[in-house]
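Working notes for the structure below.
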Amino acid sequence: MTFSRAACLFCLISLLIMLETGAGQPVPFSQPKSPRIANYDIDVRLDAKARLLHGRQVLRWRNTAGHAVEDLHFHLYLNGFRNNQSTFMRESGGRHRGEKLDEKGWGYIDIDSLSNAAGEELLPLTAFIQPDDGNTNDKTVLHLPLPKPLSPGETITLYFAFTAKLPEPPMARTGIKEEFVMAGQWFPKIGVYENGAWNCHQFHAHSEFYADFGVYHVNITVPKGHIVGATGLCCATADNPDSTVTHRYHAEDVHDFAWTASPDFLVLNGKSQDVEIRALLQKDHAGIGPRFLRAAEIAVAWFQDRYGDYPYPNLTVVDPRRGAGGAGGMEYPTLITAWGAYGIPKGFRSLEMVIMHEFGHNYWYHLVASNEFEEAWLDEGINTFSEMQILSDTYGEAGSMVDLCGIRISDSQLLRMGYIAEPGLDPVLQPAWKYYSGSNYSSMSYNKPGLMLLTLQNMVGRETMNRILRTWLERWRFKHPRSADFIAVVNEVSGENFDWFFDQVLNSTAVLDYSVSEISSEEVEQNRGFDFFPADSTAAVSATATLTTDTVAAGGLESDTTGRRNKAGADSGKEVLDDKEKEEKKLYHSSVKVRRLGEFIFPVELQLIFSDGDTLIEKWDGRSRWKEFSVTRASRLVSAAIDPKNKILLDVQLTNNSRTLERSSRGKAKLAARILFWTQFFMDMPKFFNLFTIFSPHL
Amino acid sequence: MITSALRSALARLFSLKRLWFLYYLSGLVFAAVVALPAAWIVNSYAGRTLAAERLSGFMDVTFLIELFRYRGSALSALFPLLMMTTFFFSLVMLFFSGGALKLMAGDHPYRPREFWDACSRYFGRFVLLFVCSLPLLALLFLLPALADLVRRLFWGKDPGDNITYWFGVIKMGLRYLALLLWALFFDYSRILAVQKREKRTHRLALAALRFANRHFGRLFILALLLTVISLLGLLVYNPVADLLHAPSAMTIAVLFLWQQLYMFFRAGLRLFSHSSQMKLSQALARDY
């Protein structure tokens with residue numbers, strides 16, 4: 001081959017490669033990490049004034065089932081904001097996380113055309129369906145019967161043209177506010193086909209999302225001057241003649257794609273281990289920019305060190321605009337939205353908590369892609385657990401969430417507060433839209449599962465828990481696991497069967513509450529009278545004392561749970577006791593009654609503390625409604641406590657877990673003094689409380 | 001003039017210790033009306049538990065959370081009681097202020113009859129003066145609204161978070177200023193009622209406005225000084241109270257004493273305010 005021919009061949013090959021991958025397109029993964037079932041090429045143009053997105057989309061979807069598929073289902077999430085009769089609007093009452101749509105802020109997504117590779121127009125075949133509630137006004141699920149069934153392994157290519165209007169202000173994580181755009185769930189998204197059927201739910205007020213992994217090429221055209229952040233990596237930007245700029249993004253092995261744009265972003269860059277971090281801040285939050293970056297850096301390092309590799313090379317942290325709070329606190333692959341406010345004190349860690357939590361979702365949800373519609377706890381609960389851990393490790397447990405002016409509150413305390421407000425209304429495992437209320441959805445998806453896992457960790461130990469979650473990640477990344485899969489991992493890694501635990505927590509409304517209901521400790525009266533030696537007989541005293549001494553020497557423990565027996569009767573020699581010795585050899589019969597107040601059965605520890613400083617630990621399987629423990633020994637019982645180290649955080653009332661024999665006057669006196677003082681202060685200086693209006697600058 | 005007023009006021013306060021104790025004890029009794037049931041509710045929940053023992057140390061947030069969860073209704077039922085008691089306490093302070101101002105106007109020792117006579121004589125007038133002062137209070141509370149207007153004028157309907165935050169601080173300050181200015185008017189209207197024996201409320205109100213307007217600088221400076229003294233008291237009280245967190249009986253007793261000493265100081269400060277305002281107004285009237 002001559003040089004010129006070789007050169008031509010080289011150029012041709014290069015051209016083919018460029019056409020295939022896009023000019024300068026980064027390829028993060030040399031091998032696919034996921035099945036890449038749903039792959040999207042999208043061109044979208046933003047019309048900021050009209051709040052419109054004009055899109056063209058090519059979807060390549062592969063049938064991975066073992067049989068032919070005859071139809072397709074698509075999510076059209078933005079139609080949840082179409083009118084007040086959509087399922088989302090009906091369920092939410094038009095409010096979500098405190099946000100309400102402007103009067104003219106409705107949103108929608110319309111498919112203008114839909115065709116296949118053969119050029120057949122398929123739009124007339126489509127129909128909206130409502131698989132969850134039959135609400136015919138809801139247009140968030142589109143059904144497309146295929147002209148020809150799709151064989152197993154075959155890929156179908158579909159061409160969409162769509163127009164989407166983003167709601168204003170951002171609501172349920174997506175929308176526009178003035179110049180700020182947060183585009184989430186903005187394109188026609190195919191559902192998940194599994195177990196012989198489509199898993200494609202309507203958009204509900206209290207549900208999130210579920211989708212298959214794939215590769216995304218997205219070209220985002222926005223007005224010149226807009227700074228863009230999106231899922232994946234930016235390959236190139238191109239200036240257009242009409243004063244717009246097209247930003248080309250590429251993302252591999254992700255199951256969602258979101259983007260944001262604003263001309264007013266302030267960009268801060270950072271890095272944590274091998275991950276580039278880019279924070280897109282509001283200019284009026286410049287002062288707290290370092291906190292955004294630092295929280296993201298800590299989160300990346302902590303998750304990678306503890307659980308395993310974050311496979312993507314970058315992370316974008318978006319600070320939503322004022323008035324766009326509905327876009328905050330959300331996760332997308334490689335892009336998270338945070339929450340920040342000017343003037344937020346350093347000791348109030350909501351900013352850090354949100355960033356750490358949302359980054360955590362890049363593990364529990366964007367890698368381990370569970371179904372947020374049907375098993376919301378699998379990502380939210382596990383992530384809440386991770387959030388508690390990372391905050392505790394970073395800031396210390398006591399003040400992990402609030403450490404301000406001497407007030408210290410931990411994240412786990414706050415989560416427990418949310419949980420115990422209404423612990424027994426719903427089981428954890430049920431579709432997200434079927435909970436009693438939005439706050440119950442939160443409590444059952446976040447709080448209770450988070451506390452469940454913290455309790456589990458207290459049972460198996462921190463190291464085992466880390467191994468459980470590492471295994472969970474390694475085994476189920478880029479897949480769609482279910483709750484049973486998680487339980488299987490727990491049982492396997494821990495080497496114990498925790499079905500009894502998960503069954504009660506996830507599938508029932510049983511509430512866990514153990515208490516110490518009664519405690520007593522009385523001096524044992526020496527045996528006297530006929531059949532016993534007279535009290536003033538030396539022989540009688542010594543024999544009795546011998547019995548007593550034996551009893552004490554043997555520990556004298558009577559228990560109907562451990563089977564330990566009184567070892568009185570052992571040959572220990574005889575001795576004559578004087579009055580002082582008799583005094584010292586007093587015995588006390590102590591009794592403790594414990595109760596199970598809730599329906600949840602959990603094995604517990606009972607700790608008995610005696611006046612001589614000794615401690616006894618008893619175990620109870622917790623099955624019966626109550627149990628009595630008694631002990632006879634030479635010292636009085638001082639206190640009894642179930643779960644003395646407060647390991648069982650699912651217990652809805654830790655205060656009733658203990659009892660003391662004597663009243664504690666000091667604690668009560670101090671509290672009474674505090675209450676009296678604060679009441680005096682309030683009456684004397686009510687205007688002092690004007691100071692607290694600083695927390696609500698809009699007052 | 002202000003410093004000499006403060007000096008004489010302090011001397012007068014120390015010569016009326018019984019009155020000082022009366023003020024302090026009134027506050028204590030009224031607070032106890034609310035605090036005792038609240039403490040009972042808390043103590044009955046804490047019971048004989050280890051949680052109750054831990055109350056002698058740092059505040060146990062877990063206990064607090066459970067207290068509000070399981071005794072929240074009982075505690076919230078105390079809120080109307082707190083509001084009512086605060087209202088009646090304010091009325092009692094208004095009642096006492098007549099007698100206090102009468103005593104502060106003179107130099108003689110405490111005379112119980114004079115005190116109680118003046119309390120009952122001036123109480124009705126003071127209530128009417130309070131009612132008359134409400135429109136002024138409402139007007140002054142427009143100041144924060146003015147701040148909102150200024151913010152809108154310069155930064156529009158959609159100011160940055162930083163603007164909203166700092167204007168929030170400014171509005172908080174303006175609310176304090178509004179209360180300070182209103183108190184200025186109300187206090188001097190009461191002083192004039194005692195000094196001039198004028199019975200017609202509207203005349204007293206006008207006289208007070210004229211007086212406050214004529215001597216605004218000095219009256220305002222005195223009011224600010226009293227505010228600073230109040231803040232200083234808090235700044236001294238707080239760090240010491242924070243140190244007293246050990247669970248021992250001795251520390252708890254010392255904490256209680258320290259808290260009550262601070263409230264005694266506040267009772268004294270209230271009387272000192274009456275006294276210094278009276279002395280200053282007398283000095284200004286002499287000069288004028």
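FYI, nothing fancy with the structure tokens labels: chains A, B, ... in order, residues from 1 per chain, ligands from 1 as they appear.
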
- [ ] Name the residues in contact with range 224-231 of chain A at a cut-off of 6 Å, using only C-alpha atoms, excluding same-chain residues fewer than 6 positions from it; report them as a PyMOL selection string.
- [x] chain A and resi 243-245+257-263+333-335

Task: Close residues, Ile468 in chain A itself excluded, 7 Å, only C-alpha atoms, min 4 positions apart in chain, as a PyMOL selection string - done: chain A and resi 464+472+489-490+493

Task: Neighbour list for His202 in chain B as a list in words, cut-off 10 Å, only C-alpha atoms, skip fewer than 6 positions in-chain - done: Leu128, Leu129, Cys132 and Ala208 of chain B

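Among the candidates A:Thr471, A:Gln202, A:Ser410, A:Gln526, the one nearest to Phe373 in chain A when counting only C-alpha atoms is A:Gln202.
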
Within 7 Å of chain B: each chain A residue with its shortest pair, only C-alpha atoms, as a Markdown table:
| residue | atom | partner | partner_atom | distance |
| --- | --- | --- | --- | --- |
| A:Asp284 | CA | B:Asn162 | CA | 5.7 |
| A:Arg322 | CA | B:Asp161 | CA | 6.8 |
| A:Ala341 | CA | B:Asp161 | CA | 7.0 |
| A:Tyr342 | CA | B:Asn162 | CA | 5.6 |
| A:Gly343 | CA | B:Tyr165 | CA | 6.9 |
| A:Ile409 | CA | B:Val61 | CA | 6.7 |
| A:Gln413 | CA | B:Thr62 | CA | 6.4 |
| A:Met417 | CA | B:Ile65 | CA | 6.2 |
| A:Ala421 | CA | B:Arg69 | CA | 6.5 |
| A:Gln653 | CA | B:Glu66 | CA | 6.7 |
| A:Thr655 | CA | B:Ala51 | CA | 5.9 |
| A:Ser658 | CA | B:Thr49 | CA | 5.2 |
| A:Arg659 | CA | B:Thr49 | CA | 4.3 |
| A:Thr660 | CA | B:Arg48 | CA | 5.3 |
| A:Glu662 | CA | B:Arg48 | CA | 7.0 |
| A:Arg663 | CA | B:Arg48 | CA | 5.3 |
| A:Ser664 | CA | B:Glu53 | CA | 5.5 |
| A:Arg666 | CA | B:Ser56 | CA | 5.6 |
| A:Gly667 | CA | B:Ser56 | CA | 3.7 |
| A:Lys668 | CA | B:Asn43 | CA | 6.1 |
| A:Lys670 | CA | B:Ser56 | CA | 5.8 |
| A:Leu671 | CA | B:Leu55 | CA | 6.6 |
| A:Ala672 | CA | B:Ala39 | CA | 5.1 |
| A:Ala673 | CA | B:Phe256 | CA | 6.0 |
| A:Ile675 | CA | B:Ala35 | CA | 5.8 |
| A:Leu676 | CA | B:Ala35 | CA | 5.0 |
| A:Phe677 | CA | B:Gln259 | CA | 6.4 |
| A:Thr679 | CA | B:Ala31 | CA | 5.4 |
| A:Gln680 | CA | B:Ala31 | CA | 5.1 |
| A:Met683 | CA | B:Thr86 | CA | 5.3 |
| A:Asn690 | CA | B:Met172 | CA | 6.7 |
| A:Leu691 | CA | B:Met172 | CA | 6.8 |
| A:Thr693 | CA | B:Met172 | CA | 6.7 |
| A:Ile694 | CA | B:Gly168 | CA | 6.1 |
| A:Pro697 | CA | B:Gly168 | CA | 4.1 |
| A:His698 | CA | B:Gly168 | CA | 6.7 |

Save out the residues we just selected, C-alpha atoms, as an mmCIF file, in the first residue's frame.
data_model
loop_
_atom_site.group_PDB
_atom_site.id
_atom_site.type_symbol
_atom_site.label_atom_id
_atom_site.label_comp_id
_atom_site.auth_asym_id
_atom_site.auth_seq_id
_atom_site.Cartn_x
_atom_site.Cartn_y
_atom_site.Cartn_z
ATOM 1 C CA ASP A 284 -25.800 35.771 46.214
ATOM 2 C CA ARG A 322 -34.170 31.830 45.158
ATOM 3 C CA ALA A 341 -29.478 30.026 52.020
ATOM 4 C CA TYR A 342 -27.514 33.177 52.659
ATOM 5 C CA GLY A 343 -26.555 33.621 56.286
ATOM 6 C CA ILE A 409 -28.866 17.763 67.882
ATOM 7 C CA GLN A 413 -32.415 12.280 66.712
ATOM 8 C CA MET A 417 -38.445 12.532 65.902
ATOM 9 C CA ALA A 421 -44.665 11.126 65.310
ATOM 10 C CA GLN A 653 -39.992 5.468 73.539
ATOM 11 C CA THR A 655 -37.590 7.093 78.212
ATOM 12 C CA SER A 658 -35.447 2.181 82.481
ATOM 13 C CA ARG A 659 -36.499 2.515 86.067
ATOM 14 C CA THR A 660 -34.667 3.507 89.197
ATOM 15 C CA GLU A 662 -35.030 5.931 94.129
ATOM 16 C CA ARG A 663 -36.427 9.151 92.791
ATOM 17 C CA SER A 664 -33.898 11.312 91.074
ATOM 18 C CA ARG A 666 -31.544 16.429 91.049
ATOM 19 C CA GLY A 667 -32.554 16.043 87.431
ATOM 20 C CA LYS A 668 -36.106 17.108 88.061
ATOM 21 C CA LYS A 670 -32.729 21.260 87.491
ATOM 22 C CA LEU A 671 -35.398 20.957 84.853
ATOM 23 C CA ALA A 672 -37.951 22.710 87.053
ATOM 24 C CA ALA A 673 -35.449 25.516 87.651
ATOM 25 C CA ILE A 675 -38.585 25.964 83.156
ATOM 26 C CA LEU A 676 -39.158 28.536 85.895
ATOM 27 C CA PHE A 677 -36.308 30.717 84.642
ATOM 28 C CA THR A 679 -40.967 31.488 82.025
ATOM 29 C CA GLN A 680 -39.758 34.405 84.150
ATOM 30 C CA MET A 683 -42.767 37.305 80.944
ATOM 31 C CA ASN A 690 -38.110 39.374 68.265
ATOM 32 C CA LEU A 691 -34.550 38.080 67.846
ATOM 33 C CA THR A 693 -37.526 36.685 63.498
ATOM 34 C CA ILE A 694 -34.020 36.647 61.984
ATOM 35 C CA PRO A 697 -36.376 37.376 56.902
ATOM 36 C CA HIS A 698 -39.639 37.673 55.000
#

- [ ] Apply DSSP to the structure's backbone, then extract all residues of range 304-392 of chain A labelled helix (DSSP H, G or I) and return them as number ranges by chain.
- [x] A: 304-306, 325-327, 350-360, 377-392

Pull N, CA, C and O atoms from the residues just selected and write them as a CSV table (one decimal), in the first residue's frame.
chain,number,residue,atom,x,y,z
A,304,GLN,N,-16.5,6.6,48.5
A,304,GLN,CA,-15.6,5.7,47.8
A,304,GLN,C,-14.8,4.9,48.8
A,304,GLN,O,-14.6,3.7,48.6
A,305,ASP,N,-14.4,5.5,49.9
A,305,ASP,CA,-13.6,4.8,50.9
A,305,ASP,C,-14.4,3.7,51.6
A,305,ASP,O,-13.9,2.6,51.9
A,306,ARG,N,-15.7,4.0,51.8
A,306,ARG,CA,-16.5,3.0,52.6
A,306,ARG,C,-17.1,1.9,51.7
A,306,ARG,O,-17.1,0.8,52.2
A,325,GLY,N,-36.9,26.7,45.0
A,325,GLY,CA,-36.6,25.7,46.0
A,325,GLY,C,-37.2,24.3,45.6
A,325,GLY,O,-36.6,23.3,46.0
A,326,GLY,N,-38.2,24.3,44.8
A,326,GLY,CA,-38.7,23.1,44.3
A,326,GLY,C,-37.8,22.2,43.5
A,326,GLY,O,-38.0,21.0,43.3
A,327,ALA,N,-36.7,22.9,43.0
A,327,ALA,CA,-35.7,22.1,42.2
A,327,ALA,C,-34.6,21.6,43.1
A,327,ALA,O,-33.8,20.8,42.7
A,350,SER,N,-27.8,21.8,57.5
A,350,SER,CA,-28.7,21.3,56.5
A,350,SER,C,-28.1,21.4,55.1
A,350,SER,O,-28.4,20.5,54.3
A,351,LEU,N,-27.3,22.4,54.8
A,351,LEU,CA,-26.7,22.5,53.5
A,351,LEU,C,-25.8,21.3,53.2
A,351,LEU,O,-25.9,20.6,52.2
A,352,GLU,N,-24.9,20.9,54.2
A,352,GLU,CA,-24.1,19.8,54.1
A,352,GLU,C,-24.9,18.5,54.0
A,352,GLU,O,-24.6,17.6,53.2
A,353,MET,N,-25.9,18.4,54.8
A,353,MET,CA,-26.7,17.2,54.8
A,353,MET,C,-27.3,16.9,53.5
A,353,MET,O,-27.3,15.8,53.0
A,354,VAL,N,-27.9,17.9,52.9
A,354,VAL,CA,-28.5,17.7,51.6
A,354,VAL,C,-27.5,17.3,50.5
A,354,VAL,O,-27.8,16.4,49.8
A,355,ILE,N,-26.4,17.9,50.5
A,355,ILE,CA,-25.4,17.6,49.5
A,355,ILE,C,-24.9,16.1,49.7
A,355,ILE,O,-24.8,15.3,48.8
A,356,MET,N,-24.6,15.8,50.9
A,356,MET,CA,-24.1,14.4,51.2
A,356,MET,C,-25.2,13.4,50.9
A,356,MET,O,-25.0,12.3,50.4
A,357,HIS,N,-26.5,13.7,51.2
A,357,HIS,CA,-27.6,12.8,51.0
A,357,HIS,C,-27.8,12.7,49.5
A,357,HIS,O,-27.9,11.5,49.0
A,358,GLU,N,-27.8,13.8,48.7
A,358,GLU,CA,-28.0,13.7,47.3
A,358,GLU,C,-26.9,13.0,46.6
A,358,GLU,O,-27.1,12.2,45.6
A,359,PHE,N,-25.7,13.2,47.0
A,359,PHE,CA,-24.6,12.5,46.4
A,359,PHE,C,-24.7,11.0,46.7
A,359,PHE,O,-24.4,10.1,45.9
A,360,GLY,N,-25.1,10.6,47.9
A,360,GLY,CA,-25.3,9.2,48.3
A,360,GLY,C,-26.3,8.5,47.3
A,360,GLY,O,-26.1,7.3,47.0
A,377,TRP,N,-38.1,2.8,49.9
A,377,TRP,CA,-37.1,2.7,51.0
A,377,TRP,C,-35.8,2.2,50.6
A,377,TRP,O,-34.8,2.5,51.2
A,378,LEU,N,-35.8,1.4,49.5
A,378,LEU,CA,-34.5,0.8,49.1
A,378,LEU,C,-33.4,1.8,48.7
A,378,LEU,O,-32.3,1.5,48.9
A,379,ASP,N,-33.9,2.9,48.2
A,379,ASP,CA,-32.8,3.9,48.0
A,379,ASP,C,-32.9,5.0,49.1
A,379,ASP,O,-31.8,5.3,49.6
A,380,GLU,N,-34.1,5.4,49.4
A,380,GLU,CA,-34.1,6.5,50.4
A,380,GLU,C,-33.7,6.1,51.8
A,380,GLU,O,-33.0,6.8,52.5
A,381,GLY,N,-34.1,4.9,52.2
A,381,GLY,CA,-33.8,4.4,53.5
A,381,GLY,C,-32.3,4.1,53.6
A,381,GLY,O,-31.7,4.5,54.6
A,382,ILE,N,-31.8,3.4,52.7
A,382,ILE,CA,-30.3,3.1,52.7
A,382,ILE,C,-29.5,4.4,52.7
A,382,ILE,O,-28.5,4.5,53.4
A,383,ASN,N,-30.0,5.3,51.8
A,383,ASN,CA,-29.3,6.6,51.7
A,383,ASN,C,-29.4,7.4,53.0
A,383,ASN,O,-28.4,8.1,53.4
A,384,THR,N,-30.5,7.3,53.7
A,384,THR,CA,-30.7,8.0,54.9
A,384,THR,C,-29.7,7.5,56.0
A,384,THR,O,-29.1,8.2,56.8
A,385,PHE,N,-29.6,6.2,56.0
A,385,PHE,CA,-28.6,5.5,56.9
A,385,PHE,C,-27.2,6.0,56.6
A,385,PHE,O,-26.5,6.4,57.5
A,386,SER,N,-26.9,6.0,55.3
A,386,SER,CA,-25.5,6.5,54.9
A,386,SER,C,-25.4,8.0,55.3
A,386,SER,O,-24.3,8.4,55.8
A,387,GLU,N,-26.4,8.8,55.2
A,387,GLU,CA,-26.4,10.2,55.6
A,387,GLU,C,-26.1,10.3,57.0
A,387,GLU,O,-25.2,11.1,57.4
A,388,MET,N,-26.7,9.5,57.9
A,388,MET,CA,-26.5,9.6,59.3
A,388,MET,C,-25.0,9.3,59.6
A,388,MET,O,-24.4,9.9,60.4
A,389,GLN,N,-24.5,8.3,58.9
A,389,GLN,CA,-23.1,7.8,59.2
A,389,GLN,C,-22.1,8.9,58.8
A,389,GLN,O,-21.2,9.2,59.5
A,390,ILE,N,-22.3,9.5,57.6
A,390,ILE,CA,-21.3,10.4,57.1
A,390,ILE,C,-21.4,11.7,58.0
A,390,ILE,O,-20.3,12.2,58.3
A,391,LEU,N,-22.5,12.1,58.4
A,391,LEU,CA,-22.6,13.3,59.2
A,391,LEU,C,-22.0,13.0,60.6
A,391,LEU,O,-21.3,13.9,61.1
A,392,SER,N,-22.2,11.9,61.1
A,392,SER,CA,-21.7,11.5,62.4
A,392,SER,C,-20.1,11.4,62.3
A,392,SER,O,-19.4,11.9,63.2

- [ ] Rank B:Arg125, B:Trp20, B:Gly72, B:Glu114 by their smallest atom-to-atom distance to Arg200 in chain B, using only C-alpha atoms, and report the top residue only.
- [x] B:Arg125

Open item on the list: Considering only C-alpha atoms, can you say which of A:Lys165, A:Arg349, A:His247, A:His255 comes closest to Ala295 in chain A?
Closed with: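 Ranking A:Lys165, A:Arg349, A:His247, A:His255 by distance to Ala295 in chain A, first place goes to A:Arg349.
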
TODO: Give me, please, the distance in Å between CA of Asp242 in chain A and CA of Asp47 in chain A, quoted to one decimal.
DONE: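 These two atoms are separated by 12.4 Å.
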
Who sits within 12 Å of Tyr210 in chain A, only C-alpha atoms, same chain under 3 positions skipped, as a compact mmCIF listing (two decimals) with N, CA, C and O atoms, in the first residue's frame:
# COMPACT_ATOMS: atom_id res chain seq x y z
N PHE A 74 -44.36 4.63 27.88
CA PHE A 74 -43.46 5.76 28.10
C PHE A 74 -43.96 6.62 29.26
O PHE A 74 -45.17 6.81 29.44
N HIS A 75 -42.99 7.18 29.98
CA HIS A 75 -43.32 8.19 30.99
C HIS A 75 -43.31 9.56 30.32
O HIS A 75 -42.36 9.90 29.61
N TYR A 77 -43.61 12.57 32.27
CA TYR A 77 -43.76 13.12 33.63
C TYR A 77 -44.28 14.55 33.65
O TYR A 77 -45.05 14.92 34.53
N GLN A 185 -36.73 15.08 34.26
CA GLN A 185 -37.83 14.27 33.70
C GLN A 185 -38.51 15.02 32.55
O GLN A 185 -39.72 15.14 32.48
N LYS A 189 -39.72 9.20 28.23
CA LYS A 189 -38.80 8.22 28.82
C LYS A 189 -39.47 6.86 28.83
O LYS A 189 -40.57 6.71 29.37
N ILE A 190 -38.81 5.89 28.30
CA ILE A 190 -39.44 4.58 28.22
C ILE A 190 -39.44 3.91 29.59
O ILE A 190 -38.53 4.14 30.41
N GLY A 191 -40.47 3.13 29.87
CA GLY A 191 -40.57 2.43 31.14
C GLY A 191 -39.62 1.24 31.19
O GLY A 191 -38.79 1.04 30.30
N VAL A 192 -39.78 0.44 32.22
CA VAL A 192 -38.93 -0.73 32.39
C VAL A 192 -39.77 -1.98 32.12
O VAL A 192 -40.84 -2.15 32.71
N TYR A 193 -39.29 -2.80 31.25
CA TYR A 193 -40.01 -4.05 30.97
C TYR A 193 -39.34 -5.14 31.79
O TYR A 193 -38.15 -5.43 31.61
N GLU A 194 -40.07 -5.75 32.70
CA GLU A 194 -39.48 -6.79 33.54
C GLU A 194 -40.55 -7.78 33.95
O GLU A 194 -41.73 -7.43 34.08
N TRP A 198 -44.82 -4.41 31.67
CA TRP A 198 -44.24 -3.08 31.79
C TRP A 198 -44.38 -2.56 33.22
O TRP A 198 -45.47 -2.63 33.82
N ASN A 199 -43.30 -2.05 33.74
CA ASN A 199 -43.33 -1.37 35.03
C ASN A 199 -43.21 0.12 34.71
O ASN A 199 -42.11 0.64 34.51
N CYS A 200 -44.38 0.75 34.55
CA CYS A 200 -44.40 2.15 34.10
C CYS A 200 -45.56 2.83 34.79
O CYS A 200 -46.69 2.80 34.31
N HIS A 201 -45.28 3.40 35.96
CA HIS A 201 -46.34 3.99 36.76
C HIS A 201 -46.61 5.44 36.38
O HIS A 201 -45.76 6.12 35.80
N GLN A 202 -47.79 5.89 36.77
CA GLN A 202 -48.12 7.30 36.59
C GLN A 202 -47.26 8.15 37.51
O GLN A 202 -46.66 7.63 38.47
N PHE A 203 -47.24 9.44 37.25
CA PHE A 203 -46.47 10.35 38.10
C PHE A 203 -47.35 10.73 39.28
O PHE A 203 -48.42 11.31 39.11
N SER A 207 -44.05 9.97 44.69
CA SER A 207 -43.23 8.90 44.14
C SER A 207 -42.10 9.55 43.39
O SER A 207 -42.15 10.73 43.04
N PHE A 213 -30.88 1.49 32.29
CA PHE A 213 -29.61 2.13 31.98
C PHE A 213 -29.42 2.24 30.47
O PHE A 213 -30.01 1.48 29.69
N VAL A 254 -26.07 5.31 32.48
CA VAL A 254 -26.91 6.06 33.41
C VAL A 254 -28.37 5.78 33.06
O VAL A 254 -28.66 5.36 31.94
N HIS A 255 -29.26 6.02 33.99
CA HIS A 255 -30.67 5.78 33.68
C HIS A 255 -31.52 7.04 33.76
O HIS A 255 -32.74 6.98 33.85
N ASP A 256 -30.86 8.18 33.72
CA ASP A 256 -31.60 9.44 33.72
C ASP A 256 -30.67 10.52 33.19
O ASP A 256 -29.43 10.35 33.19
N TYR A 332 -29.49 13.25 40.30
CA TYR A 332 -29.45 12.70 38.95
C TYR A 332 -28.06 12.10 38.78
O TYR A 332 -27.16 12.45 39.53
N TYR A 365 -29.35 4.36 44.13
CA TYR A 365 -30.33 4.67 43.12
C TYR A 365 -29.68 4.77 41.74
O TYR A 365 -30.13 4.08 40.83
N HIS A 366 -28.65 5.56 41.58
CA HIS A 366 -28.11 5.69 40.23
C HIS A 366 -27.14 4.59 39.87
O HIS A 366 -26.87 4.36 38.70
N VAL A 368 -27.20 1.40 42.09
CA VAL A 368 -28.11 0.32 42.48
C VAL A 368 -29.52 0.84 42.19
O VAL A 368 -30.12 1.53 42.99
N ALA A 369 -30.02 0.52 41.00
CA ALA A 369 -31.20 1.21 40.46
C ALA A 369 -32.50 0.53 40.87
O ALA A 369 -33.17 -0.10 40.07
N SER A 370 -32.86 0.71 42.11
CA SER A 370 -34.10 0.12 42.62
C SER A 370 -35.31 0.90 42.11
O SER A 370 -35.17 1.98 41.53
N ASN A 371 -36.47 0.36 42.36
CA ASN A 371 -37.72 0.96 41.87
C ASN A 371 -38.26 1.94 42.89
O ASN A 371 -38.79 1.54 43.93
N GLU A 372 -38.15 3.21 42.60
CA GLU A 372 -38.57 4.22 43.57
C GLU A 372 -40.09 4.32 43.68
O GLU A 372 -40.61 4.86 44.65
N PHE A 373 -40.80 3.83 42.70
CA PHE A 373 -42.27 3.83 42.79
C PHE A 373 -42.74 2.82 43.83
O PHE A 373 -43.61 3.08 44.64
N GLU A 374 -42.16 1.61 43.73
CA GLU A 374 -42.71 0.50 44.50
C GLU A 374 -41.95 0.20 45.78
O GLU A 374 -42.52 -0.38 46.71
N GLU A 375 -40.68 0.55 45.83
CA GLU A 375 -39.87 0.24 47.01
C GLU A 375 -38.99 1.44 47.34
O GLU A 375 -37.77 1.37 47.26
N ALA A 376 -39.64 2.52 47.65
CA ALA A 376 -38.91 3.78 47.85
C ALA A 376 -37.85 3.65 48.94
O ALA A 376 -36.82 4.33 48.89
N ASP A 379 -33.85 2.91 48.18
CA ASP A 379 -32.82 3.92 47.97
C ASP A 379 -32.87 4.98 49.06
O ASP A 379 -31.84 5.34 49.63
N LYS A 479 -28.01 -2.67 38.13
CA LYS A 479 -29.12 -3.64 38.02
C LYS A 479 -30.33 -3.10 38.76
O LYS A 479 -30.28 -2.02 39.35
N HIS A 480 -31.41 -3.87 38.75
CA HIS A 480 -32.65 -3.46 39.41
C HIS A 480 -32.98 -4.44 40.53
O HIS A 480 -33.74 -5.38 40.33
N PRO A 481 -32.44 -4.25 41.71
CA PRO A 481 -32.72 -5.19 42.79
C PRO A 481 -34.04 -4.88 43.48
O PRO A 481 -34.63 -3.80 43.31

Task: Contacts of Val318 in chain A within 9 Å, only C-alpha atoms, excl. fewer than 6 positions in-chain, as JSON, numbers by chain - done: {"A": [229, 260, 278, 279, 280, 281, 282, 328, 335, 336, 337, 338, 339]}

Open item on the list: From the options B:Leu280, B:Leu225, B:Phe115, B:Ile41, which residue's atoms come nearest to Ala77 in chain B, counting only C-alpha atoms?
Closed with: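 When distances to Ala77 in chain B are compared using only C-alpha atoms, the smallest one comes from B:Ile41.
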